[in-house]
Amino acid sequence: MSCSEDCCGGIDFTQTPVADLYGTNCFSNAVMRQLLPKNIYKEIVTVQNGEKELTLEVAEVVAAAMRDWAISKGASHYTHIFQPLTGLTAEKHDSFIAPTGDGKVIMEFSGKELIKGEPDASSFPSGGLRATFEARGYTAWDVTSPAFLKQDPTGTTLAIPTAFISYYGQALDEKVPLLKSIDALSKQAVRVLKALGNTTATRVFTTVGPEQEYFLVDKSFYDRRPDLILTGRTVFGVLPAKGQEMEDHYFGAIKERVAVFMRELNYELWKVGIPAKTQHNEVAPNQFEIAPIYANSTAAVDNNQFVMETIRNVARRHGMEGLLHEKPFAGVNGSGKHNNWSMATDDGVNLFDPGENPESNARFLLFATAVVEAVDRYALLLRSSVATSANDHRLGANEAPPAIVSIFFGGPLTEILDNIAEGKASGASTAGQKIKIGVTSLPQLPKDVSDRNRTSPFAFTGNKFEFRMVGSSQSIAAPNTYLNAAVAQILSEYAEKLEKASDVNQTIQAIIKESYSKHRKVVFNGNGYTDEWVREAERRGLPNVKNAVDALTVLTRSETIALFETHKILTKEETESRYHIYLEKYSKQINIEAGVTTDLARREIFPAVSSYCAELARDASALAAIHAVSAPQEKRAKKIAELSNELYEETGKLEAVLAEAQGVEEAFAQAKAYFEKVRPAMDGVRSKADALEKLVSKEAWPFPGYEDLLFKL
Ligand code: ADP
Ligand code: MG
């Protein structure tokens, strides 16, 4: 497929209607239902629902169908895709060929190859779980997330979403704990539902719809910015006269070049069955957002990885580069990923839908209270799920949710819950009237239960919660895993009480009252970006962990380890290994950034600035020779010389602390050294370089500046 015919300008939805195109490259349940014998399809569905394990016999049949389907669509290779703890997607490709001994091949793909892959895993982080001599790691087919075809302009590969485990069965990826957390949450939620009298729900799913923000920059500028290429963000750069203060980009008309890119992005996503729905300009110049319609959370996690990859691939086809970093540019909005999350039963009920009758009201209030308690008790854990060096530039900074985890409910709901907590008229509120449920009563919920709040890190938005601290470049697996785990724990405690209750309705009310009273301190409906809130949160005793290194330490706490062990999500060893991997990743990231900073300062900025300064000095003396005014040139040359001297010194300081940090052995101490010493030293270099950029002519500056990167497309 060449993109000039089939996509880009060539996409013609009158020729290929979207509804016909949608999902053509996805081995979805609809496709399986069509291609598999009835009994095999049924079996797969029971495996997807976690009721049965996959057998090799069934896998053989599915593999054959998958192979024929993929080959008929031009595939030559297959790959198990997985998410090692680098946060990226990993894949190893194998072709379907099997030699027949007579110089020819046939195309083969067995059940075993479908359900189990064996990539050489020695180079992936294991945090000490796996010594290199036992390098074997296995990828196992994740039946809950559909296989799909990855297409590039010249070929097609069958991609099979998998989980990645070590030889001894330990989780080496983001997927295994996610799947386990979904099981755990389902188990506890079903217990609660049973106690509430629901006899039909057998499983509860989590649904996730991530809103993905990103920047686009022209490739010709990008290619001349080694910092963007190597670190994903600019380590130098100053805003031009026009920044984002005009607020004219948000929801503005989409430029044609970007619209063409977005059309092709949708086209690629729709083909693999990713329901791309919303797209718009974001707050910062050249910043955009794409949001698909929500899906079950494993598919949503895999889809989001593919969305990020596709943004970058499609951008390149259009002479642009997609930036997924949380803070590519200083001084303008960073990029996040709003993780919309809800729980739904297999009998079709969204548990965060307030509903219209007394039973659904009670259920809603109970589950919503469980989330309040989970967010309060596990605030540090949720904070740690978004703790990366890149996200440190966002959290706590101006335009992003603060590093304090709080929950927004909006006025009406908060009033109802407050009333219940205070035992006022069983929660009757100005927002609604009382409604009888058995002998006790809970309030009727108002129609539109929540207003809007853009500053809350965890907001209830009508029938779902939106976790907004998530960084744009990170996998959404861990945030969802931790959230599921936290809510599972609270629900298990509720279930204990409900199962023993002689009067369920009374117990529901008692649980809500007790739990909400104790945890309502985490509810905050005001403006989360203000200093007053920071002080108020401190008064309430809510943690405010402003850096990733400290945020990660929650993974070493006994209550965290117990949470994951109780719900069989991660063993103690696995949790500890993750802690080390995340710390190492943090250190490595800053190490690269610091390296790029010194390199650019020494080898590009310093020489360029010296030449420019010498040129000014020559101009000044030439002007002086004819008795013309030479003071401006002289003054500027002096200022530049002074700043370049300071740049030189600051770079030396950075090199010294960098060498020191590199020498630290222990992972936490090392990450701390990078955070406390190396980052400030980088800022020191940057401030000098940025001051110089403002004084040096545009032609003399060694790489394109923010004006080119942010305003030209
Ligand atoms: P908002 O305007 O509150 O951001 P949208 O309707 O635009 O809400 O949805 C934002 C994202 O939330 C979309 O990806 C959407 O599919 C997702 N979403 C909606 N309902 C749910 C749900 N029940 N569970 C998970 N995600 C959901
Ligand atoms: Mg948004």
# chains A, B, ... in the order shown; residues from 1 in each chain; ligands from 1
>>> residues_near_ligand(ligand="ligand 1", cutoff="12 Å", atoms="only C-alpha atoms and all ligand atoms", output="MDAnalysis selection string")
chainID A and resid 205:212 274:280 289:297 300 303:304 337:345 348:354 450:454 458:468 480
>>> select_by_dssp(residues="region 115-202 of chain A", states="helix (DSSP H, G or I)", output="ChimeraX atom specification")
/A:115,132-134,175-195
>>> select_by_dssp(residues="region 179-372 of chain A", states="strand (DSSP E or B)", output="ChimeraX atom specification")
/A:204-218,276-281,287-292,295-296,320-323,336-345,350
>>> atom_distance(atom1="CA of Leu643 (chain A)", atom2="CA of Gly237 (chain A)")
15.5 Å
>>> residues_around(residues="region 596-598 of chain A", least_positions_apart="4", cutoff="10 Å", atoms="only C-alpha atoms", output="list in words")
Pro226, Asp227, Leu228, Leu230, Thr231, Thr234, Val235, Phe236, Ile590, Asn591, Ile592, Arg602, Arg603, Glu604, Ile605, Leu647, Tyr648, Glu650, Thr651, Gly652, Lys653, Leu654, Glu655, Leu658, Met682, Asp683, Val685 and Arg686 of chain A
>>> closest_residue(among="A:Tyr250, A:Val190, A:Glu321, A:Lys572", to="ligand 2", atoms="only C-alpha atoms and all ligand atoms")
A:Tyr250
>>> closest_residue(among="A:Glu615, A:Lys42, A:Ser630, A:Glu282", to="ligand 2", atoms="only C-alpha atoms and all ligand atoms")
A:Glu282
>>> closest_residue(among="A:Leu380, A:Ala330, A:Ile512, A:Ala488", to="Val204 (chain A)", atoms="only C-alpha atoms")
A:Ala488
>>> residues_around(residues="Val487 (chain A)", least_positions_apart="4", cutoff="7 Å", atoms="only C-alpha atoms", output="mmCIF file with N, CA and C atoms, in the first residue's frame")
data_model
loop_
_atom_site.group_PDB
_atom_site.id
_atom_site.type_symbol
_atom_site.label_atom_id
_atom_site.label_comp_id
_atom_site.auth_asym_id
_atom_site.auth_seq_id
_atom_site.Cartn_x
_atom_site.Cartn_y
_atom_site.Cartn_z
ATOM 1 N N LEU A 185 -10.878 -6.893 40.911
ATOM 2 C CA LEU A 185 -11.970 -5.921 41.052
ATOM 3 C C LEU A 185 -13.304 -6.583 40.731
ATOM 4 N N ALA A 370 -17.086 4.004 47.570
ATOM 5 C CA ALA A 370 -15.916 3.119 47.545
ATOM 6 C C ALA A 370 -14.757 3.793 46.809
ATOM 7 N N VAL A 371 -15.073 4.518 45.751
ATOM 8 C CA VAL A 371 -14.012 5.201 45.005
ATOM 9 C C VAL A 371 -13.416 6.330 45.860
ATOM 10 N N ALA A 374 -11.177 4.706 48.282
ATOM 11 C CA ALA A 374 -9.987 4.174 47.595
ATOM 12 C C ALA A 374 -9.016 5.302 47.263
ATOM 13 N N LEU A 483 -5.573 1.669 40.345
ATOM 14 C CA LEU A 483 -6.930 2.111 40.632
ATOM 15 C C LEU A 483 -7.843 0.905 40.874
ATOM 16 N N LEU A 491 -13.983 -2.511 48.138
ATOM 17 C CA LEU A 491 -15.193 -3.313 47.898
ATOM 18 C C LEU A 491 -15.146 -4.615 48.690
#
>>> closest_residue(among="A:Thr507, A:Thr455, A:Thr46, A:Asn29", to="ligand 2", atoms="only C-alpha atoms and all ligand atoms")
A:Thr455
>>> residues_around(residues="Phe109 (chain A)", least_positions_apart="4", cutoff="7 Å", atoms="only C-alpha atoms", output="VMD selection string")
chain A and resid 63 to 64 67 96 113
>>> residues_around(residues="Phe306 (chain A)", least_positions_apart="5", cutoff="12 Å", atoms="only C-alpha atoms", output="PDB file with N, CA and C atoms, in the first residue's frame")
ATOM      1  N   ILE A  81       3.056  -8.736  20.514  1.00  0.00           N
ATOM      2  CA  ILE A  81       3.412  -7.420  21.036  1.00  0.00           C
ATOM      3  C   ILE A  81       3.202  -7.423  22.540  1.00  0.00           C
ATOM      4  N   PHE A  82       4.100  -6.784  23.250  1.00  0.00           N
ATOM      5  CA  PHE A  82       3.991  -6.763  24.705  1.00  0.00           C
ATOM      6  C   PHE A  82       4.546  -5.455  25.254  1.00  0.00           C
ATOM      7  N   GLN A  83       4.252  -5.222  26.515  1.00  0.00           N
ATOM      8  CA  GLN A  83       4.674  -3.970  27.145  1.00  0.00           C
ATOM      9  C   GLN A  83       5.634  -4.239  28.280  1.00  0.00           C
ATOM     10  N   LEU A  88       7.231   1.174  26.778  1.00  0.00           N
ATOM     11  CA  LEU A  88       7.058   1.157  25.326  1.00  0.00           C
ATOM     12  C   LEU A  88       6.428  -0.160  24.905  1.00  0.00           C
ATOM     13  N   THR A  89       6.094  -0.257  23.637  1.00  0.00           N
ATOM     14  CA  THR A  89       5.612  -1.527  23.120  1.00  0.00           C
ATOM     15  C   THR A  89       6.804  -2.257  22.518  1.00  0.00           C
ATOM     16  N   ALA A  90       6.923  -3.553  22.808  1.00  0.00           N
ATOM     17  CA  ALA A  90       8.013  -4.327  22.231  1.00  0.00           C
ATOM     18  C   ALA A  90       7.421  -5.375  21.299  1.00  0.00           C
ATOM     19  N   PHE A 148      -4.579  -7.820  15.549  1.00  0.00           N
ATOM     20  CA  PHE A 148      -4.870  -6.889  14.456  1.00  0.00           C
ATOM     21  C   PHE A 148      -3.709  -6.879  13.470  1.00  0.00           C
ATOM     22  N   LEU A 149      -3.907  -6.203  12.349  1.00  0.00           N
ATOM     23  CA  LEU A 149      -2.849  -6.138  11.350  1.00  0.00           C
ATOM     24  C   LEU A 149      -2.166  -4.791  11.410  1.00  0.00           C
ATOM     25  N   LYS A 150      -0.845  -4.836  11.502  1.00  0.00           N
ATOM     26  CA  LYS A 150      -0.079  -3.590  11.448  1.00  0.00           C
ATOM     27  C   LYS A 150       0.384  -3.428  10.019  1.00  0.00           C
ATOM     28  N   GLN A 151       0.076  -2.282   9.437  1.00  0.00           N
ATOM     29  CA  GLN A 151       0.455  -2.083   8.044  1.00  0.00           C
ATOM     30  C   GLN A 151       1.408  -0.915   7.918  1.00  0.00           C
ATOM     31  N   ALA A 159      -0.400  -8.709  14.426  1.00  0.00           N
ATOM     32  CA  ALA A 159       0.067  -8.338  15.764  1.00  0.00           C
ATOM     33  C   ALA A 159      -0.845  -8.970  16.810  1.00  0.00           C
ATOM     34  N   PRO A 161      -1.650  -9.186  20.763  1.00  0.00           N
ATOM     35  CA  PRO A 161      -1.386  -8.630  22.094  1.00  0.00           C
ATOM     36  C   PRO A 161      -1.108  -9.748  23.101  1.00  0.00           C
ATOM     37  N   GLN A 212      -5.930  11.487  24.527  1.00  0.00           N
ATOM     38  CA  GLN A 212      -4.473  11.584  24.304  1.00  0.00           C
ATOM     39  C   GLN A 212      -4.095  12.958  23.752  1.00  0.00           C
ATOM     40  N   LEU A 265      -4.800   9.583  10.331  1.00  0.00           N
ATOM     41  CA  LEU A 265      -4.682   8.939  11.642  1.00  0.00           C
ATOM     42  C   LEU A 265      -5.973   8.159  11.952  1.00  0.00           C
ATOM     43  N   GLU A 268      -6.167   5.025   9.830  1.00  0.00           N
ATOM     44  CA  GLU A 268      -5.337   3.919  10.327  1.00  0.00           C
ATOM     45  C   GLU A 268      -5.951   3.282  11.576  1.00  0.00           C
ATOM     46  N   LEU A 269      -6.511   4.102  12.442  1.00  0.00           N
ATOM     47  CA  LEU A 269      -7.062   3.582  13.693  1.00  0.00           C
ATOM     48  C   LEU A 269      -8.370   2.832  13.442  1.00  0.00           C
ATOM     49  N   TRP A 270      -9.200   3.392  12.594  1.00  0.00           N
ATOM     50  CA  TRP A 270     -10.472   2.723  12.297  1.00  0.00           C
ATOM     51  C   TRP A 270     -10.241   1.352  11.673  1.00  0.00           C
ATOM     52  N   VAL A 272      -8.022  -0.800  12.257  1.00  0.00           N
ATOM     53  CA  VAL A 272      -7.738  -1.842  13.247  1.00  0.00           C
ATOM     54  C   VAL A 272      -8.807  -1.891  14.342  1.00  0.00           C
ATOM     55  N   GLY A 273      -9.892  -1.173  14.120  1.00  0.00           N
ATOM     56  CA  GLY A 273     -10.998  -1.251  15.065  1.00  0.00           C
ATOM     57  C   GLY A 273     -10.818  -0.410  16.320  1.00  0.00           C
ATOM     58  N   ILE A 274     -10.035   0.654  16.217  1.00  0.00           N
ATOM     59  CA  ILE A 274      -9.941   1.590  17.346  1.00  0.00           C
ATOM     60  C   ILE A 274     -10.915   2.739  17.078  1.00  0.00           C
ATOM     61  N   ALA A 276     -11.683   5.805  17.092  1.00  0.00           N
ATOM     62  CA  ALA A 276     -11.301   7.223  17.204  1.00  0.00           C
ATOM     63  C   ALA A 276     -12.542   8.073  17.000  1.00  0.00           C
ATOM     64  N   PRO A 292     -10.530   8.192  21.590  1.00  0.00           N
ATOM     65  CA  PRO A 292     -11.407   7.149  21.067  1.00  0.00           C
ATOM     66  C   PRO A 292     -12.571   6.929  22.031  1.00  0.00           C
ATOM     67  N   ALA A 299      -8.146  -3.783  26.228  1.00  0.00           N
ATOM     68  CA  ALA A 299      -8.113  -3.313  24.837  1.00  0.00           C
ATOM     69  C   ALA A 299      -7.765  -1.835  24.805  1.00  0.00           C
ATOM     70  N   ALA A 300      -8.306  -1.071  25.756  1.00  0.00           N
ATOM     71  CA  ALA A 300      -8.033   0.373  25.772  1.00  0.00           C
ATOM     72  C   ALA A 300      -6.544   0.650  25.980  1.00  0.00           C
ATOM     73  N   VAL A 301      -5.915  -0.155  26.838  1.00  0.00           N
ATOM     74  CA  VAL A 301      -4.483   0.013  27.089  1.00  0.00           C
ATOM     75  C   VAL A 301      -3.690  -0.294  25.814  1.00  0.00           C
ATOM     76  N   ILE A 311       0.305   7.944  15.817  1.00  0.00           N
ATOM     77  CA  ILE A 311       0.467   9.403  15.732  1.00  0.00           C
ATOM     78  C   ILE A 311       1.850   9.706  15.159  1.00  0.00           C
ATOM     79  N   ARG A 312       2.865   9.030  15.678  1.00  0.00           N
ATOM     80  CA  ARG A 312       4.234   9.311  15.230  1.00  0.00           C
ATOM     81  C   ARG A 312       4.461   8.859  13.783  1.00  0.00           C
ATOM     82  N   ASN A 313       3.958   7.659  13.460  1.00  0.00           N
ATOM     83  CA  ASN A 313       4.159   7.158  12.096  1.00  0.00           C
ATOM     84  C   ASN A 313       3.457   8.023  11.064  1.00  0.00           C
ATOM     85  N   VAL A 314       2.212   8.357  11.332  1.00  0.00           N
ATOM     86  CA  VAL A 314       1.449   9.123  10.341  1.00  0.00           C
ATOM     87  C   VAL A 314       2.017  10.540  10.231  1.00  0.00           C
ATOM     88  N   SER A 473       2.817  10.487  27.607  1.00  0.00           N
ATOM     89  CA  SER A 473       3.632   9.487  26.909  1.00  0.00           C
ATOM     90  C   SER A 473       3.578   8.125  27.598  1.00  0.00           C
ATOM     91  N   SER A 475       2.281   4.564  29.443  1.00  0.00           N
ATOM     92  CA  SER A 475       1.254   3.548  29.269  1.00  0.00           C
ATOM     93  C   SER A 475       0.206   3.765  30.352  1.00  0.00           C
TER      94      SER A 475
END
>>> residues_around(residues="Ser126 (chain A)", least_positions_apart="6", cutoff="10 Å", atoms="only C-alpha atoms", output="PyMOL selection string")
chain A and resi 84-86+132+135+166+170-173+574+577-578+580-581
>>> closest_residue(among="A:Pro358, A:Gly232, A:Pro17, A:Gly411", to="Tyr214 (chain A)", atoms="only C-alpha atoms")
A:Gly232
>>> atom_distance(atom1="CA of Glu213 (chain A)", atom2="CA of Glu326 (chain A)")
8.9 Å
